[in-house]
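Peer 1: Below you'll find the structure I mean.
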Number of protein chains: 4
Amino acid sequence: MHAANLVRMSGVEVKGISDIRTDGLAEWAASLGISRATDDYRQLVDDPEIDAVLVCSSTDTHSDIIVQAARAGKHIFCEKPISFDLAETERALEAVRQAGVKLQVGFVRRFDPSFKQVRDKVREGVIGEPHLIRITARDPAPPSEEYVKVSGGIFIDMTIHDFDMARYLSGSEVVEVYASGAVLVDPMFERHSDVDTAVTVLKFANGAIGVIDNSRRAVYGYDQRIEVFGPKGCLMADNVAPTQARLMSADGVISDKPLYFFRERYQEAFVREMEAFVECVRDGRDVPVSGYDAYQAERIAHAARKSLRENKPVQLNA
Amino acid sequence: MHAANLVRMSGVEVKGISDIRTDGLAEWAASLGISRATDDYRQLVDDPEIDAVLVCSSTDTHSDIIVQAARAGKHIFCEKPISFDLAETERALEAVRQAGVKLQVGFVRRFDPSFKQVRDKVREGVIGEPHLIRITARDPAPPSEEYVKVSGGIFIDMTIHDFDMARYLSGSEVVEVYASGAVLVDPMFERHSDVDTAVTVLKFANGAIGVIDNSRRAVYGYDQRIEVFGPKGCLMADNVAPTQARLMSADGVISDKPLYFFRERYQEAFVREMEAFVECVRDGRDVPVSGYDAYQAERIAHAARKSLRENKPVQLNA
Amino acid sequence: MHAANLVRMSGVEVKGISDIRTDGLAEWAASLGISRATDDYRQLVDDPEIDAVLVCSSTDTHSDIIVQAARAGKHIFCEKPISFDLAETERALEAVRQAGVKLQVGFVRRFDPSFKQVRDKVREGVIGEPHLIRITARDPAPPSEEYVKVSGGIFIDMTIHDFDMARYLSGSEVVEVYASGAVLVDPMFERHSDVDTAVTVLKFANGAIGVIDNSRRAVYGYDQRIEVFGPKGCLMADNVAPTQARLMSADGVISDKPLYFFRERYQEAFVREMEAFVECVRDGRDVPVSGYDAYQAERIAHAARKSLRENKPVQLNA
Amino acid sequence: MHAANLVRMSGVEVKGISDIRTDGLAEWAASLGISRATDDYRQLVDDPEIDAVLVCSSTDTHSDIIVQAARAGKHIFCEKPISFDLAETERALEAVRQAGVKLQVGFVRRFDPSFKQVRDKVREGVIGEPHLIRITARDPAPPSEEYVKVSGGIFIDMTIHDFDMARYLSGSEVVEVYASGAVLVDPMFERHSDVDTAVTVLKFANGAIGVIDNSRRAVYGYDQRIEVFGPKGCLMADNVAPTQARLMSADGVISDKPLYFFRERYQEAFVREMEAFVECVRDGRDVPVSGYDAYQAERIAHAARKSLRENKPVQLNA
């Protein structure tokens, strides 16, 4: 998806693509006008003609690739999370710092027009300093058991987006986490010491309280809603539906359910995310989502996991 | 319904009720605490203890009762229309004028909180001088053939409410009418030279254009919507549903259909209408919906009927 | 308000009213057609002509009045909570049990048509067994400091309605509570060891998780929303606005804010609540909101208070 | 815009572009990767390497270019209307027929996902045979006087889209038109014997009635709504807003106004329109919007103009 978005941008050339699964890779790359396809990502990392790389591989490979790319002087876009381990994430960020390259992390929801408008209006002071933040994030269907096994658990895999959104919306750091979870969707999650339903409460440095609810399966599609409440009002962003069509019938008034999943819902956000990365690389500007943001979201995710395990709130020291 | 609303008002006593169908009338009246029930309305009209009468009988009896009540010095509330004939309506209004009594006509929709708010904001100049007025009025089910036979046709029976609403919203008089109609719901309407589906275009003295669409059967309930468009914006009032409950399911997002019919939708408006009448009688104020308003709406209805018959616009002279 | 609603019901006679503030009490009672007004409630409790009493006094007086009324054989409607102390509540309930009278408690929101429809559809199995329950309850303005001082704190005063709603919606008992709170609206709350902003997480016996967010001040009015999510869908009830009018203007699309406060929002619910009580008394049916319901909601409120103080989840034993 | 959309499609090569204004044309074309830019469109029409041409010039040039392109064996996409004169349109269509090439006309709204869904559901019989069709189409701002002067008037320039939409939605031909108009937005329209506000009533062969309201200036943006009412329900498509963000504040509940104008609102529709044309050319399929569709919409537009001038309904013979 990122490749398809990048080839459409003026001033961008996609020099090559690498994947460990090479079946049909070259054909697919060619269809996008990308001439090089390889199963050895180091070839791309070491190519002096390449300015920047995107790291979209499985999470356990992110930090090594980041370190290598940083040392090779490439700017980096990496999907979330950077790693399953804070020390490893720190190592990757240190390599980025030392190389002086840019690292943007894939919290794509920040680029959603509705969420961005809520954040912008919060920053403008429209509702005053936030008191309450509510985030609902429910996937339409659980991932495969194979994926769940290596996902790192719901907080680092799924809720991490909401932790970032909470920081983005509040403009304040999380200082305490309380997480509550259950296996209600599929017993498969239990086999991997994971949960499929969760409610997480966040306390922010500025006194605000946040609450996130997650489910791995919403039969009506991808449920993505946010709300920021403050002394001067409440900003909300509701789900996005494929059409505005509506039917009034004897059975009620029926409108479209939300767009199915992240590819549909965040289609525009994915484009804007890449545009932002390209502009930052080209113009030398700061990236809108930094390694620090990833690190903070990972810290919250680890604290949430600990809170769930111990059934008590967990503090995050500054 | 009016009786039930009136007995709940402080300072009002319902002295008696008259109906040509007396089966169970006395029992029903007693259940509301009304001691007198009669099939001779003249007894009420002539009762010196009675200050005001409500005329809710069939349309062909309205004008005679108005004339008698006016001569007896009673204030009068009468359901719409006053009559099927403009000369007869004029006769009734003349009797009211000579007697110096008040006459309020039952255009209940003016008392609906949503419609009233639209009108109030139009008057405040929120959208500027109206350019376009759109009214949708669709009944949930057609009346009986017996009723249709004596209804006077869709324009004087049903659209008359919309003609009054158009005048109320625009604050301007109608100077031309073009009506278009069809029999699409039930062939019964054809047998009585009536239509069950109609679109009427109104031209106002101030240059605005109005459009009304009607149907005798909307399977989803009573469809009552208005819209006023002007140089500074557009005011609208959507349907009212019984609850705010909503279901997001695999079949879509489903909410309640509109309230079933006028008793449900205009429940509050019927109360406010009576309150307004009682206050005007008690305080000697002008009624909010006058005989002149009824006369104008009837004129438009007659012109619409003529326009439909002749298939051309019909002018209303000032 | 209850008195005004009761006098309008057929088959109900309000025999008397008692208040410790007697200024204007008799006049006000007379305006409703109630002939007896007293500052000694025992006169009413002891009156053999009275079948049932409403206890709407300050919370600290509830249990004594309940005990006296029960011993006098009166059926009882009591506002929430029954008391600030579980032992005292138990004592009142024991008296009710021994007297064999009915006791209905004032969780009025159960009678709201939107909330009731959500609950009914949950019971019908429309969304399957609930996984997540979300309740938002924000008051338009904080109470006076005088009130806060004796309110018993946000959980027993305000959130108790949400605790009852959570039980009502889920059909399951709460087994654990985690409460988080802050003083963000008015420092006055701090002076009384209270909070004005709170997020409470509930775990239910059936595995579901609930979350409630509260604020003592929402500038846009009374914010009352619920949501129940399950394997087959999500039921929600949004706020109720005074009108359906909407303005499209250069500044955006603007519609009414929610109804101001509980009197406006729950106007119909208050009527239905009284109707339900009257029917139960008359027909000998079980009350729809029992002393047991009040006791359970109070237990949750006390646990929430403890959780907030100790900053850890608190278990409720069955 | 079409060029930018086409260059992004796989399997499409934009061989050249022609415009009478050549200032910056070559540079702009080059930025899209289009190597040829000319002020002589015949060079493109005669190029044997070109399979299809898009005619997006001013309306008075359409028919000549169509005739030339058809004779050169090119498939043609042409913006609406084909001409201001039915005989001229017939001449262009005859050339297309004789050459056996494809001609698709630019009624882009048919490709809007919301409108398409309404049409699809009408075709599926969800609401039964349509009784009423309502279309609202209001531009955010009037065009320049220079444009108005040569626009052919509101019906052939603006309402023509709605005439096509009415045919598309109803699946039936228009047999009678009554048009009503006024100059309320800008006296400039009067100077060119045009109106800026119009209401048009359509009668369809199947008995349905349609009504269109237009304004040249809606301060809240591009107002594009449709509604189809039938015996089994009512399908509607509301405006599309840039975001789902909403603010609840002391001033009311405020959400985004509609997308500004056709480029924003029909962004996706313009892409789909081109995709459909490319597929038809490539696969030899029938175009989704034919010359016949253009001809019918033009006939209705001319009839509407005549109706406005003569203030009476105008019949369209089959």
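All residue names refer to the structure tokens as shown: chains lettered A, B, ... in order, residues numbered from 1 in each chain, ligands numbered from 1 in order.
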Residues of chain B within 9 Å of chain A, using only C-alpha atoms, as a PyMOL selection string?
Peer 2: chain B and resi 218-221+248-258
Peer 1: Can you write out the residues you just picked, keeping N, CA, C and O atoms, as a PDB file, in the first residue's frame?
Peer 2:
```pdb
ATOM      1  N   ALA B 218     -46.632   6.708   3.491  1.00  0.00           N
ATOM      2  CA  ALA B 218     -45.198   6.477   3.683  1.00  0.00           C
ATOM      3  C   ALA B 218     -45.080   5.313   4.661  1.00  0.00           C
ATOM      4  O   ALA B 218     -45.465   5.443   5.826  1.00  0.00           O
ATOM      5  N   VAL B 219     -44.578   4.198   4.209  1.00  0.00           N
ATOM      6  CA  VAL B 219     -44.571   2.992   5.065  1.00  0.00           C
ATOM      7  C   VAL B 219     -43.721   3.154   6.318  1.00  0.00           C
ATOM      8  O   VAL B 219     -43.834   2.378   7.260  1.00  0.00           O
ATOM      9  N   TYR B 220     -42.851   4.151   6.323  1.00  0.00           N
ATOM     10  CA  TYR B 220     -41.950   4.342   7.468  1.00  0.00           C
ATOM     11  C   TYR B 220     -42.528   5.320   8.484  1.00  0.00           C
ATOM     12  O   TYR B 220     -41.856   5.680   9.457  1.00  0.00           O
ATOM     13  N   GLY B 221     -43.741   5.764   8.274  1.00  0.00           N
ATOM     14  CA  GLY B 221     -44.357   6.649   9.264  1.00  0.00           C
ATOM     15  C   GLY B 221     -44.614   8.033   8.718  1.00  0.00           C
ATOM     16  O   GLY B 221     -44.541   8.265   7.515  1.00  0.00           O
ATOM     17  N   MET B 248     -25.772  -0.579  15.723  1.00  0.00           N
ATOM     18  CA  MET B 248     -24.782  -0.840  14.674  1.00  0.00           C
ATOM     19  C   MET B 248     -24.674  -2.357  14.555  1.00  0.00           C
ATOM     20  O   MET B 248     -24.288  -3.024  15.533  1.00  0.00           O
ATOM     21  N   SER B 249     -25.004  -2.883  13.403  1.00  0.00           N
ATOM     22  CA  SER B 249     -24.975  -4.334  13.234  1.00  0.00           C
ATOM     23  C   SER B 249     -24.402  -4.675  11.872  1.00  0.00           C
ATOM     24  O   SER B 249     -24.081  -3.776  11.080  1.00  0.00           O
ATOM     25  N   ALA B 250     -24.287  -5.956  11.605  1.00  0.00           N
ATOM     26  CA  ALA B 250     -23.771  -6.390  10.305  1.00  0.00           C
ATOM     27  C   ALA B 250     -24.665  -5.899   9.165  1.00  0.00           C
ATOM     28  O   ALA B 250     -24.226  -5.797   8.023  1.00  0.00           O
ATOM     29  N   ASP B 251     -25.921  -5.556   9.472  1.00  0.00           N
ATOM     30  CA  ASP B 251     -26.849  -5.101   8.441  1.00  0.00           C
ATOM     31  C   ASP B 251     -26.846  -3.585   8.254  1.00  0.00           C
ATOM     32  O   ASP B 251     -27.643  -3.062   7.466  1.00  0.00           O
ATOM     33  N   GLY B 252     -26.010  -2.881   8.991  1.00  0.00           N
ATOM     34  CA  GLY B 252     -25.980  -1.423   8.877  1.00  0.00           C
ATOM     35  C   GLY B 252     -26.266  -0.774  10.212  1.00  0.00           C
ATOM     36  O   GLY B 252     -26.364  -1.450  11.241  1.00  0.00           O
ATOM     37  N   VAL B 253     -26.367   0.537  10.172  1.00  0.00           N
ATOM     38  CA  VAL B 253     -26.677   1.304  11.377  1.00  0.00           C
ATOM     39  C   VAL B 253     -28.159   1.642  11.322  1.00  0.00           C
ATOM     40  O   VAL B 253     -28.623   2.279  10.379  1.00  0.00           O
ATOM     41  N   ILE B 254     -28.894   1.183  12.307  1.00  0.00           N
ATOM     42  CA  ILE B 254     -30.354   1.254  12.261  1.00  0.00           C
ATOM     43  C   ILE B 254     -30.878   2.108  13.400  1.00  0.00           C
ATOM     44  O   ILE B 254     -30.544   1.879  14.565  1.00  0.00           O
ATOM     45  N   SER B 255     -31.675   3.101  13.071  1.00  0.00           N
ATOM     46  CA  SER B 255     -32.307   3.911  14.117  1.00  0.00           C
ATOM     47  C   SER B 255     -33.814   3.916  13.900  1.00  0.00           C
ATOM     48  O   SER B 255     -34.324   3.401  12.904  1.00  0.00           O
ATOM     49  N   ASP B 256     -34.527   4.490  14.851  1.00  0.00           N
ATOM     50  CA  ASP B 256     -35.990   4.495  14.813  1.00  0.00           C
ATOM     51  C   ASP B 256     -36.520   5.225  13.583  1.00  0.00           C
ATOM     52  O   ASP B 256     -35.978   6.244  13.169  1.00  0.00           O
ATOM     53  N   LYS B 257     -37.622   4.734  13.067  1.00  0.00           N
ATOM     54  CA  LYS B 257     -38.334   5.493  12.053  1.00  0.00           C
ATOM     55  C   LYS B 257     -39.100   6.630  12.736  1.00  0.00           C
ATOM     56  O   LYS B 257     -39.208   6.656  13.970  1.00  0.00           O
ATOM     57  N   PRO B 258     -39.626   7.567  11.954  1.00  0.00           N
ATOM     58  CA  PRO B 258     -40.324   8.709  12.573  1.00  0.00           C
ATOM     59  C   PRO B 258     -41.541   8.260  13.385  1.00  0.00           C
ATOM     60  O   PRO B 258     -42.104   7.190  13.150  1.00  0.00           O
TER      61      PRO B 258
END
```
Peer 1: First superpose chain C onto chain B using a least-squares fit over all Cα atoms taken in order; then report the RMSD in Å.
Peer 2: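 That gives an RMSD of 0.0 Å.
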Peer 1: Would you mind listing what lies within 12 Å of Ser193 in chain C as a tab-separated table (two decimals) with N, CA, C and O atoms, in the first residue's frame, with only C-alpha atoms counted and same-chain residues fewer than 3 positions away left out?
Peer 2:
```
chain	number	residue	atom	x	y	z
C	148	VAL	N	-22.75	19.76	48.05
C	148	VAL	CA	-21.60	18.86	47.92
C	148	VAL	C	-21.17	18.34	49.29
C	148	VAL	O	-20.85	17.16	49.46
C	149	LYS	N	-21.20	19.23	50.24
C	149	LYS	CA	-20.77	18.91	51.61
C	149	LYS	C	-21.51	17.69	52.17
C	149	LYS	O	-20.93	16.86	52.87
C	150	VAL	N	-22.80	17.57	51.86
C	150	VAL	CA	-23.61	16.48	52.43
C	150	VAL	C	-24.01	15.44	51.39
C	150	VAL	O	-24.86	14.59	51.63
C	151	SER	N	-23.39	15.52	50.21
C	151	SER	CA	-23.82	14.65	49.10
C	151	SER	C	-23.32	13.22	49.24
C	151	SER	O	-23.82	12.32	48.57
C	152	GLY	N	-22.30	13.03	50.10
C	152	GLY	CA	-21.73	11.70	50.20
C	152	GLY	C	-20.67	11.42	49.14
C	152	GLY	O	-20.12	10.33	49.08
C	153	GLY	N	-20.39	12.40	48.30
C	153	GLY	CA	-19.37	12.23	47.26
C	153	GLY	C	-19.98	11.83	45.93
C	153	GLY	O	-21.12	11.36	45.85
C	154	ILE	N	-19.19	12.03	44.88
C	154	ILE	CA	-19.68	11.85	43.50
C	154	ILE	C	-20.26	10.46	43.25
C	154	ILE	O	-21.25	10.31	42.55
C	181	GLY	N	-10.23	9.47	39.69
C	181	GLY	CA	-10.92	10.75	39.75
C	181	GLY	C	-9.97	11.92	39.83
C	181	GLY	O	-8.78	11.76	40.12
C	182	ALA	N	-10.49	13.10	39.59
C	182	ALA	CA	-9.68	14.32	39.62
C	182	ALA	C	-10.57	15.51	39.92
C	182	ALA	O	-11.78	15.46	39.72
C	183	VAL	N	-9.94	16.56	40.44
C	183	VAL	CA	-10.65	17.82	40.63
C	183	VAL	C	-10.19	18.77	39.53
C	183	VAL	O	-9.08	19.29	39.57
C	187	PRO	N	-12.25	23.76	42.57
C	187	PRO	CA	-11.46	23.35	43.74
C	187	PRO	C	-12.32	23.09	44.97
C	187	PRO	O	-11.89	22.41	45.91
C	188	MET	N	-13.55	23.60	44.93
C	188	MET	CA	-14.49	23.36	46.03
C	188	MET	C	-14.61	21.87	46.35
C	188	MET	O	-14.72	21.48	47.52
C	189	PHE	N	-14.57	21.05	45.32
C	189	PHE	CA	-14.72	19.60	45.55
C	189	PHE	C	-13.58	19.05	46.40
C	189	PHE	O	-13.76	18.15	47.21
C	190	GLU	N	-12.40	19.62	46.21
C	190	GLU	CA	-11.23	19.17	46.98
C	190	GLU	C	-11.45	19.41	48.47
C	190	GLU	O	-11.09	18.58	49.30
C	196	ASP	N	-14.60	15.92	40.92
C	196	ASP	CA	-15.65	16.41	40.02
C	196	ASP	C	-15.57	15.75	38.65
C	196	ASP	O	-16.41	16.00	37.78
C	305	ARG	N	-15.63	4.42	45.88
C	305	ARG	CA	-15.02	5.41	46.76
C	305	ARG	C	-13.73	4.85	47.37
C	305	ARG	O	-12.70	5.53	47.44
C	308	LEU	N	-11.00	4.63	44.73
C	308	LEU	CA	-10.39	5.93	44.47
C	308	LEU	C	-9.41	6.29	45.57
C	308	LEU	O	-8.29	6.75	45.30
C	309	ARG	N	-9.80	6.05	46.82
C	309	ARG	CA	-8.96	6.41	47.95
C	309	ARG	C	-7.66	5.60	47.96
C	309	ARG	O	-6.58	6.13	48.16
```
Peer 1: Please determine, counting only C-alpha atoms, which residue among C:Thr200, C:Asn206, C:Asn214, C:Ser83 has the shortest atom-to-atom distance to Ile65 in chain C.
Peer 2: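 Among the listed residues, C:Ser83 lies closest to Ile65 in chain C.
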Peer 1: Could you pull out the strand (DSSP E) residues of range 122-253 of chain D, going by DSSP on the backbone, and write them as a PyMOL selection string?
Peer 2: chain D and resi 132-138+174-182+197-204+209-215+223-230+233-237+245-249+252-253
Peer 1: Where in range 52-266 of chain A does DSSP assign helix (DSSP H, G or I), given as a PyMOL selection string?
Peer 2: chain A and resi 59-71+86-99+108-111+113-123+145-150+154-170+188-191+262-265
Peer 1: Residues near range 50-55 of chain D, anyone? I mean within 10 Å using only C-alpha atoms, not counting same-chain ones fewer than 2 positions away, as JSON, numbers by chain.
Peer 2: {"D": [2, 3, 13, 14, 15, 16, 17, 18, 41, 44, 45, 46, 47, 48, 57, 58, 59, 61, 62, 63, 65, 66, 69, 70, 72, 73, 74, 75, 76, 77, 78, 79, 80, 82, 101, 102, 103, 104, 105, 106, 274, 277, 278, 281, 282]}
Peer 1: Determine, counting only C-alpha atoms, which protein, DNA and RNA residues have an atom within 12 Å of an atom of Gln315 in chain B; residues of the same chain fewer than 3 positions away are not included. Present the result as number ranges by chain.
Peer 2: B: 173-179, 201-205, 299-300, 302-304, 306-307, 312, 318; D: 311
Peer 1: Of the residues C:Thr89, C:Thr22, C:Thr38, C:Gln224, which is the one nearest to Gly291 in chain C, using only C-alpha atoms?
Peer 2: C:Thr89
Peer 1: CA of Val108 in chain C and CA of Phe270 in chain C, how far apart in Å?
Peer 2: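 So the answer is 6.1 Å.
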Peer 1: Point out the residue among D:Pro242, D:Thr159, D:Asp213, D:Arg167 with the least atom-to-atom distance to Asp112 in chain A, counting only C-alpha atoms.
Peer 2: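 Among D:Pro242, D:Thr159, D:Asp213, D:Arg167, it is D:Pro242 that comes nearest to Asp112 in chain A.
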Peer 1: Excluding Val228 in chain B and any residue of its chain fewer than 2 positions from it, enumerate the residues within 6 Å of it, using only C-alpha atoms, and give them as a VMD selection string.
Peer 2: chain B and resid 132 to 133 234 to 235
Peer 1: Which one is closest to Ser10 in chain B: B:Met158, B:Glu129, B:Glu279, B:Arg263? Count only C-alpha atoms.
Peer 2: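 With only C-alpha atoms as the atom set, the closest residue is B:Glu279.
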Peer 1: Quick one: pull the distance between CA of Phe261 in chain B and CA of Ala4 in chain B, Å, one decimal.
Peer 2: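 We find that CA of Phe261 in chain B and CA of Ala4 in chain B lie 18.2 Å from each other.
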Peer 1: Which is closest to Val12 in chain D among D:Asp194, D:Glu275, D:Asp120, D:Glu310, if we use only C-alpha atoms?
Peer 2: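 Selected residue with least distance to Val12 in chain D: D:Glu275.
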